[in-house]
Each structure stands twice: as C-alpha cells, then as structure tokens.
Amino acid sequence: MDKYVFLVFLLAPGFIACSVAFLLHAFPDKGSEIRNVMRYFTYSFFALFLTAAGGLLLGFYSGTDTLTEIYGRFDGVAYSLKFMAMLILASILTGAVWPLFGKRIFLKAANVANVMAGRNPVFPDGRLIDDMLDDGAHHFIVVEKDGKTIAMGLYNGLSEPAADLTEISVTAYPEYQEAFQQAQASEEDSPLKHLKYVYTQVEHDFIIREYDFPREWLPEDER
C-alpha cells in the first residue's frame, strides 16, 4: 500500500471521530495543525481498536476465533465493505462517547485528585464560564457592563471560545426582570436573592452574576 494512502487510511477514522466530537463540544476550537494531527491519531487509535474488537466478536460468534483468519478474508469486496462500515461506525462512536460520557468522568476524577493534592479544579474548555454554565441545567443570570445591567433572564448559550467576539444569548422576557426586582425588594426569602457565582470578563468589563434558579420555574418533571 502506498505510504500516503496508508496515512490517509490511518487518519480518516480520527478525522470522522474529531468531527463528531467537535460538534458535541469535546474541545473548544479546531486548534493548530499539529494539535489536529495528534487528535486524529489518538481518535484513530481508539476507533481501530474498537473495530478490531468488533471483528473478534463477529469471528467468535461465527466460529472463527483469530484476527488473522477474520481479517485475512478482507481482500474480497464484501468483507472490505464490512470492515469499512465497522470502521466508520467505530469512528462515530469514538467521537461521541468521549464528550458525552468519558470527558466528564475523567474530568471529575482529575479534579478529585487535584483537590486531594491541594490544587484548584481544572477547566479545560478554554473559558471557565463554558464549564460552569454549559451543563444542560437551568441558569438565571444578570449581565452587567460598566456597572449597568444590560441583560437579565435565562441563560441560553455562549459563542465558541475560538470566535473573535464573545457572544452570549439570554432569554430576557420582562416577566423575569419583574420577578427579580420584586424578589430583591421583598423581605421574604427567595432563590433570586441567593447570589451563586460571579463571572468576570476582564478585557471587555463584563460581569455575569448567577442566582439560584427558582424551583417553581422548573418544568414539572424536574421539580
């Protein structure tokens, strides 16, 4: 096999897996060329490993128990197509499993180790606010700039860290502002009085204050 064809064959599973992982926010940007190549090789390794494991399982259930016997048949068109289909499926699974499950598990384990060692938790996605707010939960936030409130409501999302400008989407119905102001003026306790986190964006003088999310605002199946 030509070395360039072999290199493409080796990187293609990683490219597919990285494309899936990028869409699922596994990493904040596409990075440098060297970083991309290393990602492709890493994802390719796991995709090829899954494909080999799948071949072993198929061989086991079909009465063939060695990789040599299984993959020795792939010189035929039918077996080659089966191998490519398995490889593509393994690439997609590799790209999806890491951001959906693996990343959170390994990050929690790493931060447990960091805390035990007396260090602060790590936030690998490029911006701390991405890790804190982009968790699928509901967040009530107040966005301030130059000491003035410019947005208030339910957090929707942020632009990618690789973007030139930081954009934030907030559902800012007047009812949310009215509820927040009433809670601040009232003497009764309210989640909207409990300041949870403060995020600052020093370069552009943004401050985002997050308050506890009122339980009554949650969908009925989440209360």
# chains A, B, ... in the order shown; residues from 1 in each chain; ligands from 1
>>> residues_around(residues="Ala47 of chain A", least_positions_apart="2", cutoff="7 Å", atoms="only C-alpha atoms", output="PyMOL selection string")
chain A and resi 13+43-45+49-51+87+90-91+94
>>> select_by_dssp(residues="segment 82-150 of chain A", states="strand (DSSP E or B)", output="PyMOL selection string")
chain A and resi 140-145+148-150
>>> write_last_selection(atoms="all heavy atoms", output="JSON list (two decimals), in the first residue's frame")
[["chain", "number", "residue", "atom", "x", "y", "z"],
["A", 140, "PHE", "N", -30.26, 31.29, 35.91],
["A", 140, "PHE", "CA", -30.76, 32.67, 35.86],
["A", 140, "PHE", "C", -29.56, 33.59, 36.06],
["A", 140, "PHE", "O", -28.85, 33.49, 37.06],
["A", 140, "PHE", "CB", -31.80, 32.93, 36.95],
["A", 140, "PHE", "CG", -32.35, 34.34, 36.90],
["A", 140, "PHE", "CD1", -33.41, 34.65, 36.08],
["A", 140, "PHE", "CD2", -31.79, 35.35, 37.68],
["A", 140, "PHE", "CE1", -33.92, 35.94, 36.01],
["A", 140, "PHE", "CE2", -32.28, 36.64, 37.62],
["A", 140, "PHE", "CZ", -33.36, 36.94, 36.78],
["A", 141, "ILE", "N", -29.33, 34.48, 35.09],
["A", 141, "ILE", "CA", -28.14, 35.32, 35.14],
["A", 141, "ILE", "C", -28.49, 36.79, 34.92],
["A", 141, "ILE", "O", -29.52, 37.12, 34.31],
["A", 141, "ILE", "CB", -27.08, 34.90, 34.10],
["A", 141, "ILE", "CG1", -27.65, 35.02, 32.67],
["A", 141, "ILE", "CG2", -26.60, 33.49, 34.36],
["A", 141, "ILE", "CD1", -26.62, 34.76, 31.58],
["A", 142, "VAL", "N", -27.63, 37.64, 35.44],
["A", 142, "VAL", "CA", -27.70, 39.09, 35.22],
["A", 142, "VAL", "C", -26.37, 39.51, 34.61],
["A", 142, "VAL", "O", -25.31, 39.27, 35.21],
["A", 142, "VAL", "CB", -27.95, 39.85, 36.55],
["A", 142, "VAL", "CG1", -27.95, 41.36, 36.29],
["A", 142, "VAL", "CG2", -29.28, 39.43, 37.17],
["A", 143, "VAL", "N", -26.43, 40.12, 33.43],
["A", 143, "VAL", "CA", -25.21, 40.52, 32.72],
["A", 143, "VAL", "C", -25.03, 42.02, 32.89],
["A", 143, "VAL", "O", -25.94, 42.81, 32.61],
["A", 143, "VAL", "CB", -25.29, 40.18, 31.22],
["A", 143, "VAL", "CG1", -23.99, 40.52, 30.51],
["A", 143, "VAL", "CG2", -25.62, 38.69, 31.02],
["A", 144, "GLU", "N", -23.84, 42.43, 33.35],
["A", 144, "GLU", "CA", -23.56, 43.84, 33.59],
["A", 144, "GLU", "C", -22.33, 44.26, 32.79],
["A", 144, "GLU", "O", -21.41, 43.47, 32.58],
["A", 144, "GLU", "CB", -23.30, 44.08, 35.07],
["A", 144, "GLU", "CG", -24.47, 43.71, 35.97],
["A", 144, "GLU", "CD", -24.13, 43.86, 37.44],
["A", 144, "GLU", "OE1", -22.98, 44.26, 37.74],
["A", 144, "GLU", "OE2", -24.99, 43.56, 38.30],
["A", 145, "LYS", "N", -22.33, 45.51, 32.36],
["A", 145, "LYS", "CA", -21.17, 46.10, 31.68],
["A", 145, "LYS", "C", -21.05, 47.55, 32.13],
["A", 145, "LYS", "O", -22.03, 48.30, 32.11],
["A", 145, "LYS", "CB", -21.31, 46.04, 30.16],
["A", 145, "LYS", "CG", -20.11, 46.63, 29.41],
["A", 145, "LYS", "CD", -20.25, 46.44, 27.92],
["A", 145, "LYS", "CE", -19.13, 47.17, 27.16],
["A", 145, "LYS", "NZ", -17.80, 46.70, 27.54],
["A", 148, "LYS", "N", -23.64, 48.75, 34.61],
["A", 148, "LYS", "CA", -25.05, 48.80, 34.22],
["A", 148, "LYS", "C", -25.53, 47.42, 33.79],
["A", 148, "LYS", "O", -24.81, 46.68, 33.13],
["A", 148, "LYS", "CB", -25.26, 49.80, 33.09],
["A", 148, "LYS", "CG", -24.89, 51.23, 33.46],
["A", 148, "LYS", "CD", -25.14, 52.17, 32.27],
["A", 148, "LYS", "CE", -24.78, 53.60, 32.62],
["A", 148, "LYS", "NZ", -24.99, 54.51, 31.46],
["A", 149, "THR", "N", -26.77, 47.09, 34.16],
["A", 149, "THR", "CA", -27.37, 45.83, 33.75],
["A", 149, "THR", "C", -27.79, 45.93, 32.29],
["A", 149, "THR", "O", -28.57, 46.80, 31.93],
["A", 149, "THR", "CB", -28.59, 45.48, 34.62],
["A", 149, "THR", "OG1", -28.16, 45.35, 35.99],
["A", 149, "THR", "CG2", -29.22, 44.18, 34.16],
["A", 150, "ILE", "N", -27.26, 45.04, 31.45],
["A", 150, "ILE", "CA", -27.60, 45.08, 30.03],
["A", 150, "ILE", "C", -28.45, 43.88, 29.59],
["A", 150, "ILE", "O", -29.03, 43.89, 28.51],
["A", 150, "ILE", "CB", -26.33, 45.14, 29.15],
["A", 150, "ILE", "CG1", -25.45, 43.91, 29.40],
["A", 150, "ILE", "CG2", -25.56, 46.41, 29.44],
["A", 150, "ILE", "CD1", -24.26, 43.83, 28.48]]
>>> atom_distance(atom1="atom CA of Ile34 of chain A", atom2="atom CA of Leu10 of chain A")
15.6 Å
>>> residues_around(residues="Gly147 of chain A", least_positions_apart="3", cutoff="9 Å", atoms="only C-alpha atoms", output="MDAnalysis selection string")
chainID A and resid 144 205:207
>>> write_last_selection(atoms="N, CA and C atoms", output="compact mmCIF listing (two decimals), in the first residue's frame")
# COMPACT_ATOMS: atom_id res chain seq x y z
N GLU A 144 -23.84 42.43 33.35
CA GLU A 144 -23.56 43.84 33.59
C GLU A 144 -22.33 44.26 32.79
N ASP A 205 -14.80 44.19 30.34
CA ASP A 205 -15.52 44.71 31.50
C ASP A 205 -16.94 44.15 31.61
N PHE A 206 -17.09 42.86 31.37
CA PHE A 206 -18.37 42.19 31.56
C PHE A 206 -18.38 41.52 32.92
N ILE A 207 -19.52 41.56 33.58
CA ILE A 207 -19.73 40.81 34.82
C ILE A 207 -21.04 40.05 34.66
>>> select_by_dssp(residues="segment 126-204 of chain A", states="helix (DSSP H, G or I)", output="list in words")
Leu128, Ile129, Asp130, Asp131, Met132, Leu133, Pro174, Glu175, Tyr176, Gln177, Glu178, Ala179, Phe180, Gln181, Gln182, Ala183, Gln184, Ala185, Pro191, Leu192, Lys193, Val202, Glu203 and His204 of chain A
